[in-house]
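The file coords_16.cif comes next; it holds mmCIF, C-alpha atoms.
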```cif
data_upload
#
loop_
_atom_site.label_atom_id
_atom_site.label_comp_id
_atom_site.auth_asym_id
_atom_site.auth_seq_id
_atom_site.Cartn_x
_atom_site.Cartn_y
_atom_site.Cartn_z
CA MET T 1 -68.67 -92.38 3.37
CA GLY T 2 -67.87 -89.11 1.60
CA GLU T 3 -64.67 -87.17 2.17
CA ILE T 4 -62.99 -88.03 5.46
CA GLU T 5 -61.66 -85.10 7.43
CA VAL T 6 -59.26 -86.03 10.21
CA GLY T 7 -56.96 -83.98 12.36
CA ALA T 8 -54.02 -86.37 12.52
CA GLN T 9 -50.74 -85.16 11.08
CA PRO T 10 -49.95 -86.86 7.76
CA GLU T 11 -47.15 -89.40 7.83
CA THR T 12 -45.04 -89.87 4.73
CA GLU T 13 -43.63 -93.28 3.88
CA PHE T 14 -42.46 -92.61 0.33
CA ALA T 15 -41.30 -95.61 -1.67
CA ALA T 16 -38.51 -94.57 -4.02
CA GLN T 17 -38.33 -98.01 -5.58
CA SER T 18 -40.92 -99.73 -7.68
CA GLU T 19 -43.40 -101.91 -5.82
CA ALA T 20 -41.67 -105.09 -6.89
CA GLU T 21 -38.23 -103.81 -5.89
CA ALA T 22 -39.49 -102.59 -2.54
CA GLU T 23 -41.19 -105.90 -1.81
CA PHE T 24 -37.94 -107.77 -2.29
CA ALA T 25 -35.98 -105.21 -0.29
CA ALA T 26 -38.43 -105.38 2.60
CA ASP T 27 -38.75 -109.12 2.92
CA GLY T 28 -35.62 -110.54 1.34
CA ALA T 29 -34.98 -110.68 -2.37
CA LEU T 30 -34.85 -113.96 -4.12
CA PHE T 31 -31.30 -115.21 -4.03
CA ASP T 32 -29.28 -118.11 -5.35
CA ALA T 33 -28.73 -120.96 -2.90
CA GLY T 34 -26.45 -122.82 -5.29
CA PRO T 35 -26.11 -123.56 -8.98
CA GLY T 36 -29.54 -123.52 -10.57
CA ILE T 37 -31.36 -123.10 -7.22
CA VAL T 38 -33.45 -120.08 -6.23
CA LYS T 39 -35.02 -119.44 -2.85
CA LEU T 40 -38.49 -117.92 -2.93
CA PRO T 41 -39.85 -116.27 0.23
CA ALA T 42 -43.34 -117.42 1.19
CA ALA T 43 -44.77 -113.96 0.54
CA LEU T 44 -47.17 -112.50 -1.98
CA SER T 45 -48.38 -109.08 -3.09
CA PRO T 46 -51.49 -108.34 -5.14
CA SER T 47 -49.31 -107.43 -8.13
CA ARG T 48 -47.43 -110.72 -8.09
CA ALA T 49 -50.63 -112.67 -7.46
CA GLY T 50 -52.08 -110.89 -10.49
CA ASP T 51 -49.01 -111.79 -12.55
CA PHE T 52 -49.46 -115.49 -11.80
CA GLN T 53 -53.15 -115.40 -12.62
CA GLN T 54 -52.44 -113.58 -15.86
CA CYS T 55 -49.63 -115.94 -16.88
CA PRO T 56 -47.54 -118.31 -14.72
CA LEU T 57 -44.59 -117.83 -17.08
CA LEU T 58 -44.79 -114.06 -16.56
CA PHE T 59 -44.61 -114.68 -12.80
CA ARG T 60 -41.57 -116.89 -13.30
CA PHE T 61 -39.70 -114.32 -15.40
CA ARG T 62 -40.40 -111.52 -12.93
CA VAL T 63 -40.08 -113.33 -9.62
CA VAL T 64 -37.96 -116.44 -10.15
CA ASP T 65 -35.60 -115.45 -12.97
CA LYS T 66 -35.80 -111.71 -12.22
CA VAL T 67 -35.30 -110.89 -15.89
CA PRO T 68 -34.68 -107.12 -16.23
CA GLU T 69 -37.46 -105.19 -17.94
CA PRO T 70 -36.82 -102.05 -19.98
CA PRO T 71 -38.34 -98.77 -18.72
CA ASN T 72 -41.92 -98.19 -19.80
CA ALA T 73 -43.25 -94.72 -20.48
CA ALA T 74 -46.78 -95.46 -19.27
CA ALA T 75 -45.63 -97.12 -16.04
CA THR T 76 -43.12 -94.34 -15.37
CA LYS T 77 -45.86 -91.77 -15.87
CA GLY T 78 -47.90 -93.58 -13.25
CA THR T 79 -44.96 -93.54 -10.84
CA LEU T 80 -44.47 -89.82 -11.44
CA VAL T 81 -48.12 -88.92 -10.88
CA HIS T 82 -48.23 -91.04 -7.72
CA ALA T 83 -45.13 -89.25 -6.42
CA VAL T 84 -46.68 -85.83 -7.02
CA LEU T 85 -49.94 -86.77 -5.30
CA GLU T 86 -47.98 -88.22 -2.39
CA ARG T 87 -45.94 -85.02 -2.02
CA LEU T 88 -49.00 -82.81 -2.46
CA PHE T 89 -50.08 -83.68 1.08
CA ASP T 90 -46.77 -82.41 2.46
CA LEU T 91 -48.09 -78.93 1.69
CA PRO T 92 -50.41 -76.97 4.00
CA ALA T 93 -54.04 -77.69 3.12
CA THR T 94 -54.65 -74.29 1.55
CA GLN T 95 -51.74 -74.79 -0.86
CA ARG T 96 -52.95 -78.11 -2.27
CA THR T 97 -54.06 -76.63 -5.56
CA PRO T 98 -53.78 -77.71 -9.22
CA GLY T 99 -51.09 -75.10 -9.75
CA GLU T 100 -48.98 -76.37 -6.86
CA ALA T 101 -49.35 -79.93 -8.14
CA VAL T 102 -47.99 -78.87 -11.52
CA GLU T 103 -45.09 -77.14 -9.75
CA LEU T 104 -44.22 -80.46 -8.12
CA LEU T 105 -44.21 -82.33 -11.41
CA ARG T 106 -40.78 -81.42 -12.78
CA PRO T 107 -38.88 -81.74 -9.46
CA GLN T 108 -40.33 -85.21 -8.99
CA TRP T 109 -39.37 -86.14 -12.54
CA GLU T 110 -35.83 -84.92 -11.91
CA ARG T 111 -35.71 -87.01 -8.74
CA LEU T 112 -36.83 -90.15 -10.58
CA LEU T 113 -34.30 -89.45 -13.33
CA ALA T 114 -31.50 -89.04 -10.79
CA GLU T 115 -32.40 -92.37 -9.19
CA LYS T 116 -32.76 -94.16 -12.53
CA PRO T 117 -30.83 -92.39 -15.31
CA GLU T 118 -32.01 -95.01 -17.80
CA LEU T 119 -35.43 -93.35 -17.75
CA GLY T 120 -33.93 -90.61 -19.87
CA GLY T 121 -33.85 -93.09 -22.74
CA LEU T 122 -37.64 -93.22 -22.85
CA PHE T 123 -37.77 -90.16 -25.12
CA ALA T 124 -36.09 -89.60 -28.44
CA THR T 125 -36.54 -85.81 -28.38
CA ASP T 126 -37.22 -82.97 -25.96
CA GLU T 127 -40.59 -82.50 -27.63
CA GLU T 128 -41.53 -86.10 -26.92
CA ARG T 129 -40.62 -85.69 -23.25
CA ALA T 130 -42.55 -82.42 -23.05
CA GLY T 131 -45.63 -84.13 -24.48
CA TRP T 132 -45.29 -86.92 -21.92
CA LEU T 133 -45.05 -84.43 -19.07
CA ALA T 134 -48.11 -82.63 -20.43
CA GLU T 135 -50.03 -85.91 -20.26
CA ALA T 136 -48.98 -86.30 -16.62
CA GLU T 137 -50.11 -82.73 -15.95
CA LYS T 138 -53.52 -83.54 -17.44
CA LEU T 139 -53.87 -86.54 -15.14
CA LEU T 140 -53.12 -84.35 -12.16
CA GLY T 141 -55.78 -81.90 -13.30
CA THR T 142 -58.29 -84.73 -13.43
CA TYR T 143 -57.46 -85.65 -9.84
CA PHE T 144 -58.76 -82.29 -8.63
CA THR T 145 -62.13 -82.97 -10.27
CA LEU T 146 -62.48 -86.12 -8.14
CA GLU T 147 -61.33 -84.93 -4.71
CA ASN T 148 -60.72 -81.75 -2.76
CA PRO T 149 -57.35 -82.34 -1.09
CA THR T 150 -57.70 -79.20 1.02
CA ARG T 151 -60.29 -81.09 3.08
CA LEU T 152 -58.20 -84.23 3.57
CA GLU T 153 -55.47 -85.19 6.02
CA PRO T 154 -54.44 -88.75 5.16
CA ALA T 155 -53.36 -90.89 8.10
CA LYS T 156 -50.83 -92.74 5.93
CA ARG T 157 -49.37 -92.40 2.46
CA GLU T 158 -47.39 -94.98 0.49
CA LEU T 159 -47.92 -97.29 3.43
CA PHE T 160 -46.16 -100.66 3.32
CA VAL T 161 -48.46 -103.22 4.93
CA ARG T 162 -47.95 -106.88 5.67
CA ALA T 163 -49.60 -109.64 7.67
CA PRO T 164 -49.36 -113.43 7.76
CA MET T 165 -52.09 -115.90 6.88
CA GLY T 166 -52.19 -119.67 7.30
CA GLU T 167 -50.15 -121.89 9.57
CA GLY T 168 -47.16 -124.21 9.27
CA GLU T 169 -46.15 -125.03 5.71
CA ASP T 170 -49.17 -123.06 4.46
CA ARG T 171 -48.07 -119.85 6.18
CA LEU T 172 -47.89 -116.97 3.71
CA LEU T 173 -46.95 -113.34 4.22
CA LEU T 174 -49.27 -110.89 2.48
CA ARG T 175 -47.68 -107.56 1.63
CA GLY T 176 -48.01 -104.50 -0.53
CA PHE T 177 -48.16 -100.71 -0.71
CA VAL T 178 -51.33 -98.72 -0.03
CA ASP T 179 -51.40 -95.38 -1.84
CA ARG T 180 -53.38 -93.69 0.90
CA LEU T 181 -55.18 -94.59 4.10
CA ASP T 182 -57.78 -92.20 5.49
CA VAL T 183 -58.99 -92.60 9.06
CA ALA T 184 -62.21 -90.91 10.16
CA PRO T 185 -62.68 -89.55 13.72
CA ASN T 186 -64.85 -92.59 14.51
CA GLY T 187 -62.05 -94.93 13.43
CA MET T 188 -63.49 -95.98 10.07
CA LEU T 189 -60.89 -96.71 7.40
CA ARG T 190 -60.92 -95.76 3.75
CA VAL T 191 -58.33 -97.28 1.43
CA VAL T 192 -57.59 -95.06 -1.58
CA ASP T 193 -55.69 -96.03 -4.72
CA TYR T 194 -54.75 -93.81 -7.65
CA LYS T 195 -54.98 -95.30 -11.14
CA THR T 196 -53.60 -93.40 -14.11
CA GLY T 197 -55.51 -95.58 -16.56
CA LYS T 198 -59.23 -95.73 -17.29
CA ALA T 199 -61.89 -97.39 -15.18
CA PRO T 200 -62.89 -100.91 -16.28
CA PRO T 201 -66.22 -101.24 -18.07
CA PRO T 202 -69.23 -102.39 -16.05
CA GLY T 203 -68.99 -106.06 -15.22
CA TYR T 204 -65.17 -106.11 -15.30
CA GLU T 205 -64.43 -104.44 -11.97
CA GLU T 206 -63.52 -107.59 -10.06
CA LYS T 207 -59.94 -107.84 -11.32
CA THR T 208 -59.27 -104.27 -10.25
CA LEU T 209 -61.02 -104.70 -6.91
CA PHE T 210 -58.96 -107.80 -6.08
CA GLN T 211 -55.96 -105.59 -5.30
CA MET T 212 -58.04 -103.39 -2.99
CA LYS T 213 -59.66 -106.34 -1.23
CA PHE T 214 -56.18 -107.80 -0.77
CA TYR T 215 -55.11 -104.60 1.03
CA ALA T 216 -58.33 -104.57 3.03
CA LEU T 217 -57.65 -108.13 4.19
CA VAL T 218 -54.15 -107.17 5.36
CA LEU T 219 -55.45 -104.10 7.20
CA TRP T 220 -58.18 -106.20 8.83
CA LYS T 221 -55.53 -108.61 10.08
CA VAL T 222 -53.27 -105.81 11.31
CA ARG T 223 -55.84 -103.44 12.80
CA GLY T 224 -58.74 -105.75 13.57
CA VAL T 225 -61.10 -103.51 11.61
CA VAL T 226 -62.64 -104.16 8.20
CA PRO T 227 -62.12 -101.00 6.09
CA LYS T 228 -65.38 -99.20 5.55
CA ARG T 229 -64.63 -98.22 1.96
CA LEU T 230 -62.29 -99.09 -0.88
CA GLN T 231 -61.93 -96.25 -3.37
CA LEU T 232 -60.15 -96.18 -6.71
CA LEU T 233 -59.62 -92.88 -8.51
CA PHE T 234 -59.19 -93.40 -12.26
CA LEU T 235 -57.39 -90.35 -13.57
CA GLY T 236 -57.47 -91.63 -17.14
CA ASN T 237 -61.17 -90.91 -17.52
CA GLY T 238 -62.17 -89.16 -14.29
CA GLU T 239 -64.20 -91.96 -12.76
CA VAL T 240 -64.37 -93.22 -9.19
CA LEU T 241 -64.99 -96.84 -8.24
CA THR T 242 -65.99 -97.53 -4.65
CA TYR T 243 -66.70 -100.75 -2.81
CA ASP T 244 -67.68 -101.38 0.79
CA PRO T 245 -66.26 -104.78 1.79
CA THR T 246 -67.66 -107.18 4.36
CA GLU T 247 -65.95 -109.82 6.47
CA ALA T 248 -67.38 -112.46 4.12
CA ASP T 249 -65.77 -110.66 1.14
CA LEU T 250 -62.38 -110.66 2.79
CA LEU T 251 -62.60 -114.29 3.91
CA ALA T 252 -63.38 -115.19 0.30
CA VAL T 253 -60.34 -113.20 -0.85
CA GLU T 254 -58.19 -115.03 1.69
CA GLN T 255 -59.36 -118.36 0.28
CA ARG T 256 -58.63 -117.15 -3.25
CA ILE T 257 -55.11 -116.08 -2.24
CA ALA T 258 -54.56 -119.49 -0.65
CA ARG T 259 -55.53 -121.16 -3.94
CA ILE T 260 -53.18 -118.90 -5.91
CA TRP T 261 -50.30 -119.64 -3.55
CA SER T 262 -51.02 -123.36 -3.71
CA ALA T 263 -50.83 -123.16 -7.51
CA ILE T 264 -47.53 -121.24 -7.31
CA ARG T 265 -46.08 -123.89 -5.00
CA ALA T 266 -47.25 -126.63 -7.34
CA ALA T 267 -45.67 -124.89 -10.35
CA ALA T 268 -42.40 -124.52 -8.45
CA GLU T 269 -42.38 -128.16 -7.38
CA ALA T 270 -43.17 -129.41 -10.89
CA LYS T 271 -40.84 -126.83 -12.51
CA ARG T 272 -43.71 -126.01 -14.88
CA TRP T 273 -44.48 -122.35 -15.44
CA GLU T 274 -46.85 -122.48 -18.37
CA PRO T 275 -47.51 -119.52 -20.69
CA LYS T 276 -51.09 -118.31 -20.84
CA PRO T 277 -51.58 -116.45 -24.13
CA SER T 278 -54.01 -113.54 -24.10
CA LYS T 279 -54.51 -110.13 -25.65
CA LEU T 280 -52.08 -108.81 -23.01
CA CYS T 281 -49.18 -110.61 -24.69
CA GLY T 282 -48.66 -107.65 -27.00
CA TRP T 283 -47.52 -105.54 -24.04
CA CYS T 284 -45.34 -108.21 -22.41
CA SER T 285 -41.63 -107.48 -21.98
CA PHE T 286 -40.71 -111.15 -22.24
CA ARG T 287 -42.06 -112.12 -25.67
CA ALA T 288 -38.60 -113.08 -26.92
CA LEU T 289 -38.40 -115.67 -24.11
CA CYS T 290 -41.93 -117.03 -24.46
CA PRO T 291 -42.51 -120.28 -26.40
CA ALA T 292 -46.09 -119.19 -27.13
CA GLN T 293 -44.61 -116.23 -29.00
CA GLY T 294 -41.93 -118.22 -30.81
CA GLY T 295 -39.23 -117.51 -28.23
CA GLU T 296 -36.88 -119.80 -26.38
CA THR T 297 -37.29 -120.06 -22.61
CA PRO T 298 -34.13 -120.46 -20.52
CA PRO T 299 -33.75 -123.62 -18.37
CA VAL T 300 -36.05 -123.70 -15.36
CA PRO T 301 -34.21 -123.28 -12.06
CA GLU T 302 -35.08 -125.29 -9.00
CA VAL T 303 -37.19 -123.18 -6.67
CA ARG T 304 -37.21 -123.70 -2.93
CA ILE T 305 -39.90 -121.89 -1.01
CA VAL T 306 -38.64 -120.65 2.34
CA PRO T 307 -40.62 -119.19 5.26
CA THR T 308 -40.46 -115.48 6.03
CA THR T 309 -39.44 -114.22 9.43
CA ALA T 310 -42.17 -111.56 9.71
#
```
Output the file's structure as structure tokens, nothing else.
Amino acid sequence: MGEIEVGAQPETEFAAQSEAEAEFAADGALFDAGPGIVKLPAALSPSRAGDFQQCPLLFRFRVVDKVPEPPNAAATKGTLVHAVLERLFDLPATQRTPGEAVELLRPQWERLLAEKPELGGLFATDEERAGWLAEAEKLLGTYFTLENPTRLEPAKRELFVRAPMGEGEDRLLLRGFVDRLDVAPNGMLRVVDYKTGKAPPPGYEEKTLFQMKFYALVLWKVRGVVPKRLQLLFLGNGEVLTYDPTEADLLAVEQRIARIWSAIRAAAEAKRWEPKPSKLCGWCSFRALCPAQGGETPPVPEVRIVPTTA
């Protein structure tokens, strides 16, 4: 599909909160309905679907119990780089240069710090923070080796999308944030996502593409058009992963999401959120609460799944 050049004015829909926080704010946070009872909206994002597939107990801690997680330097760096790339397109095309991106870095960091002062505790020294900012600057430099933003006018940025699937008790609201949506003059859509990590090795792309196919499914439902291209820019190693979905691909993703949601409902009904040990456990924030890691899990609340109004 190449670089899409469109004349539409860019529209900014910046999400100041994390994806998880914004999801809850947009569609109703989980809330207590009584002692030991939690209401869970019938809604799912690719991140939360991924959590459940990775480990049902992880999903419980994040979505049901809402256990606070300490700030993470790597995740915060990703948020910062995303913010800079989002703001880059506020500038006139000719000013979208590596130097201007670097100039945006510190103001965006100061904005994040003002919103969440606890982020200041990520660094023990000024030198450590400076090194972290230098890493973010390097990621921004890599971006310019993958795209020429002076030739792009995104139709949407940080776009919150949602659409229902299923009927009756099986109705589920799909939702999430798209980093960037490009629309070509002929109406073709390209969904772009920035990743600050490295591209998966050959043969392991499916997990990463699930998120993009999820977004493509939602856009298909909303706009009636299957996106022409899904594109992931991996700033960690300067690679680009592209995929051109078909209707059959997206119908298969819809079936997969339905199976995931059915499993979540079953876990809630049985009050069984089992741990699923893997090599990812070493990075989990909830190890002290995980029985597979020698921790003690708090009592399981009753979960009632409630329909969304959207």
Nearest candidate to Val192 in chain T (options T:Gly236, T:Gly50, T:Pro107, T:Pro227; using all atoms listed in the file): T:Pro227
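Applied to this file, the PyMOL selection byres ((chain T and resi 156-168) around 6) selects Glu11, Thr12, Glu13, Phe14, Pro154, Ala155, Glu169, Asp170, Arg171, Leu172, Leu173, Leu174, Arg175, Gly176, Phe177, Val178, Asp179, Arg180, Leu181 and Val218 of chain T.
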Residues returned when the PyMOL selection byres ((chain T and resi 261) around 9) runs on this file, as a count of residues only: 16
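Across the structure, CA of Glu118 in chain T and CA of Ala83 in chain T are spaced 18.3 Å apart.
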T:Leu57, T:Leu91, T:Val306, T:Ala134 ranked by distance to Lys39 in chain T, top pick (using only C-alpha atoms): T:Val306
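In this structure, CA of Trp132 in chain T sits 26.6 Å away from CA of Gln231 in chain T.
Taking all atoms listed in the file into account, Leu235 in chain T lies nearest to T:Lys138 out of the set T:Lys207, T:Arg96, T:Lys116, T:Lys138.
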Would you kindly identify which residues have an atom no farther than 9 Å from (-34.8, -117.4, -15.1), using all atoms listed in the file and the file's own coordinates, and write them out as a PDB file with C-alpha atoms, in the coordinates of the input?
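To be explicit, this is the file written out as point.pdb:
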```
ATOM      1  CA  ARG T  60     -41.570-116.890 -13.300  1.00  0.00           C
ATOM      2  CA  PHE T  61     -39.700-114.320 -15.400  1.00  0.00           C
ATOM      3  CA  ARG T  62     -40.400-111.520 -12.930  1.00  0.00           C
ATOM      4  CA  VAL T  63     -40.080-113.330  -9.620  1.00  0.00           C
ATOM      5  CA  VAL T  64     -37.960-116.440 -10.150  1.00  0.00           C
ATOM      6  CA  ASP T  65     -35.600-115.450 -12.970  1.00  0.00           C
ATOM      7  CA  LYS T  66     -35.800-111.710 -12.220  1.00  0.00           C
ATOM      8  CA  VAL T  67     -35.300-110.890 -15.890  1.00  0.00           C
ATOM      9  CA  THR T 297     -37.290-120.060 -22.610  1.00  0.00           C
ATOM     10  CA  PRO T 298     -34.130-120.460 -20.520  1.00  0.00           C
ATOM     11  CA  PRO T 299     -33.750-123.620 -18.370  1.00  0.00           C
ATOM     12  CA  VAL T 300     -36.050-123.700 -15.360  1.00  0.00           C
ATOM     13  CA  PRO T 301     -34.210-123.280 -12.060  1.00  0.00           C
TER      14      PRO T 301
END
```
Reference answer for the PyMOL selection byres ((chain T and resi 87-90) around 10), as a PyMOL selection string: chain T and resi 9-12+14+81-86+91-93+95-98+100-102+104-105+108+149-150+152-154+157
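CA of Gly121 in chain T is positioned 23.4 Å from CA of Glu103 in chain T.
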Residues within 12 Å of range 280-283 of chain T, all atoms listed in the file, excluding chain neighbours under 2 positions, as a count of residues only: 23
Please rebuild range 159-169 of chain T with all heavy atoms and give the result as a PDB file, in the coordinates of the input.
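The result, written out as rebuild_2.pdb:
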```pdb
ATOM      1  N   LEU T 159     -48.070 -96.465   2.233  1.00  0.00           N
ATOM      2  CA  LEU T 159     -47.920 -97.290   3.430  1.00  0.00           C
ATOM      3  C   LEU T 159     -47.617 -98.740   3.055  1.00  0.00           C
ATOM      4  O   LEU T 159     -48.391 -99.382   2.348  1.00  0.00           O
ATOM      5  CB  LEU T 159     -49.215 -97.234   4.258  1.00  0.00           C
ATOM      6  CG  LEU T 159     -49.290 -98.152   5.474  1.00  0.00           C
ATOM      7  CD1 LEU T 159     -48.236 -97.745   6.517  1.00  0.00           C
ATOM      8  CD2 LEU T 159     -50.693 -98.101   6.077  1.00  0.00           C
ATOM      9  N   PHE T 160     -46.487 -99.260   3.526  1.00  0.00           N
ATOM     10  CA  PHE T 160     -46.160-100.660   3.320  1.00  0.00           C
ATOM     11  C   PHE T 160     -46.854-101.470   4.403  1.00  0.00           C
ATOM     12  O   PHE T 160     -46.659-101.233   5.599  1.00  0.00           O
ATOM     13  CB  PHE T 160     -44.643-100.872   3.389  1.00  0.00           C
ATOM     14  CG  PHE T 160     -44.220-102.304   3.198  1.00  0.00           C
ATOM     15  CD1 PHE T 160     -44.456-102.946   1.986  1.00  0.00           C
ATOM     16  CD2 PHE T 160     -43.612-103.010   4.212  1.00  0.00           C
ATOM     17  CE1 PHE T 160     -44.063-104.255   1.803  1.00  0.00           C
ATOM     18  CE2 PHE T 160     -43.221-104.329   4.041  1.00  0.00           C
ATOM     19  CZ  PHE T 160     -43.449-104.960   2.834  1.00  0.00           C
ATOM     20  N   VAL T 161     -47.710-102.403   3.987  1.00  0.00           N
ATOM     21  CA  VAL T 161     -48.460-103.220   4.930  1.00  0.00           C
ATOM     22  C   VAL T 161     -48.122-104.682   4.710  1.00  0.00           C
ATOM     23  O   VAL T 161     -47.836-105.114   3.591  1.00  0.00           O
ATOM     24  CB  VAL T 161     -49.988-103.009   4.780  1.00  0.00           C
ATOM     25  CG1 VAL T 161     -50.368-101.590   5.165  1.00  0.00           C
ATOM     26  CG2 VAL T 161     -50.453-103.312   3.354  1.00  0.00           C
ATOM     27  N   ARG T 162     -48.155-105.450   5.789  1.00  0.00           N
ATOM     28  CA  ARG T 162     -47.950-106.880   5.670  1.00  0.00           C
ATOM     29  C   ARG T 162     -48.555-107.593   6.859  1.00  0.00           C
ATOM     30  O   ARG T 162     -48.624-107.045   7.967  1.00  0.00           O
ATOM     31  CB  ARG T 162     -46.467-107.224   5.540  1.00  0.00           C
ATOM     32  CG  ARG T 162     -45.584-106.805   6.700  1.00  0.00           C
ATOM     33  CD  ARG T 162     -44.143-107.153   6.390  1.00  0.00           C
ATOM     34  NE  ARG T 162     -43.237-106.690   7.426  1.00  0.00           N
ATOM     35  CZ  ARG T 162     -41.920-106.799   7.345  1.00  0.00           C
ATOM     36  NH1 ARG T 162     -41.363-107.355   6.280  1.00  0.00           N
ATOM     37  NH2 ARG T 162     -41.141-106.362   8.323  1.00  0.00           N
ATOM     38  N   ALA T 163     -49.001-108.824   6.613  1.00  0.00           N
ATOM     39  CA  ALA T 163     -49.600-109.640   7.670  1.00  0.00           C
ATOM     40  C   ALA T 163     -49.580-111.091   7.207  1.00  0.00           C
ATOM     41  O   ALA T 163     -49.739-111.382   6.024  1.00  0.00           O
ATOM     42  CB  ALA T 163     -51.033-109.198   7.951  1.00  0.00           C
ATOM     43  N   PRO T 164     -49.387-112.020   8.135  1.00  0.00           N
ATOM     44  CA  PRO T 164     -49.360-113.430   7.760  1.00  0.00           C
ATOM     45  C   PRO T 164     -50.758-114.033   7.682  1.00  0.00           C
ATOM     46  O   PRO T 164     -51.701-113.546   8.308  1.00  0.00           O
ATOM     47  CB  PRO T 164     -48.560-114.073   8.899  1.00  0.00           C
ATOM     48  CG  PRO T 164     -48.880-113.209  10.085  1.00  0.00           C
ATOM     49  CD  PRO T 164     -49.037-111.811   9.546  1.00  0.00           C
ATOM     50  N   MET T 165     -50.886-115.092   6.904  1.00  0.00           N
ATOM     51  CA  MET T 165     -52.090-115.900   6.880  1.00  0.00           C
ATOM     52  C   MET T 165     -51.660-117.363   6.816  1.00  0.00           C
ATOM     53  O   MET T 165     -50.580-117.686   6.331  1.00  0.00           O
ATOM     54  CB  MET T 165     -52.992-115.569   5.679  1.00  0.00           C
ATOM     55  CG  MET T 165     -52.362-115.775   4.322  1.00  0.00           C
ATOM     56  SD  MET T 165     -53.518-115.576   2.929  1.00  0.00           S
ATOM     57  CE  MET T 165     -54.165-117.260   2.790  1.00  0.00           C
ATOM     58  N   GLY T 166     -52.497-118.250   7.322  1.00  0.00           N
ATOM     59  CA  GLY T 166     -52.190-119.670   7.300  1.00  0.00           C
ATOM     60  C   GLY T 166     -51.220-120.068   8.397  1.00  0.00           C
ATOM     61  O   GLY T 166     -50.655-119.223   9.102  1.00  0.00           O
ATOM     62  N   GLU T 167     -51.030-121.357   8.534  1.00  0.00           N
ATOM     63  CA  GLU T 167     -50.150-121.890   9.570  1.00  0.00           C
ATOM     64  C   GLU T 167     -49.198-122.925   8.972  1.00  0.00           C
ATOM     65  O   GLU T 167     -49.476-123.513   7.920  1.00  0.00           O
ATOM     66  CB  GLU T 167     -50.980-122.552  10.681  1.00  0.00           C
ATOM     67  CG  GLU T 167     -51.960-121.620  11.378  1.00  0.00           C
ATOM     68  CD  GLU T 167     -51.271-120.574  12.229  1.00  0.00           C
ATOM     69  OE1 GLU T 167     -50.091-120.790  12.578  1.00  0.00           O
ATOM     70  OE2 GLU T 167     -51.905-119.545  12.548  1.00  0.00           O
ATOM     71  N   GLY T 168     -48.087-123.166   9.669  1.00  0.00           N
ATOM     72  CA  GLY T 168     -47.160-124.210   9.270  1.00  0.00           C
ATOM     73  C   GLY T 168     -46.634-124.010   7.867  1.00  0.00           C
ATOM     74  O   GLY T 168     -46.237-122.909   7.474  1.00  0.00           O
ATOM     75  N   GLU T 169     -46.659-125.093   7.081  1.00  0.00           N
ATOM     76  CA  GLU T 169     -46.150-125.030   5.710  1.00  0.00           C
ATOM     77  C   GLU T 169     -47.019-124.145   4.822  1.00  0.00           C
ATOM     78  O   GLU T 169     -46.576-123.697   3.768  1.00  0.00           O
ATOM     79  CB  GLU T 169     -46.079-126.429   5.110  1.00  0.00           C
ATOM     80  CG  GLU T 169     -45.016-127.320   5.747  1.00  0.00           C
ATOM     81  CD  GLU T 169     -44.909-128.654   5.047  1.00  0.00           C
ATOM     82  OE1 GLU T 169     -45.712-128.892   4.122  1.00  0.00           O
ATOM     83  OE2 GLU T 169     -44.021-129.443   5.409  1.00  0.00           O
TER      84      GLU T 169
END
```
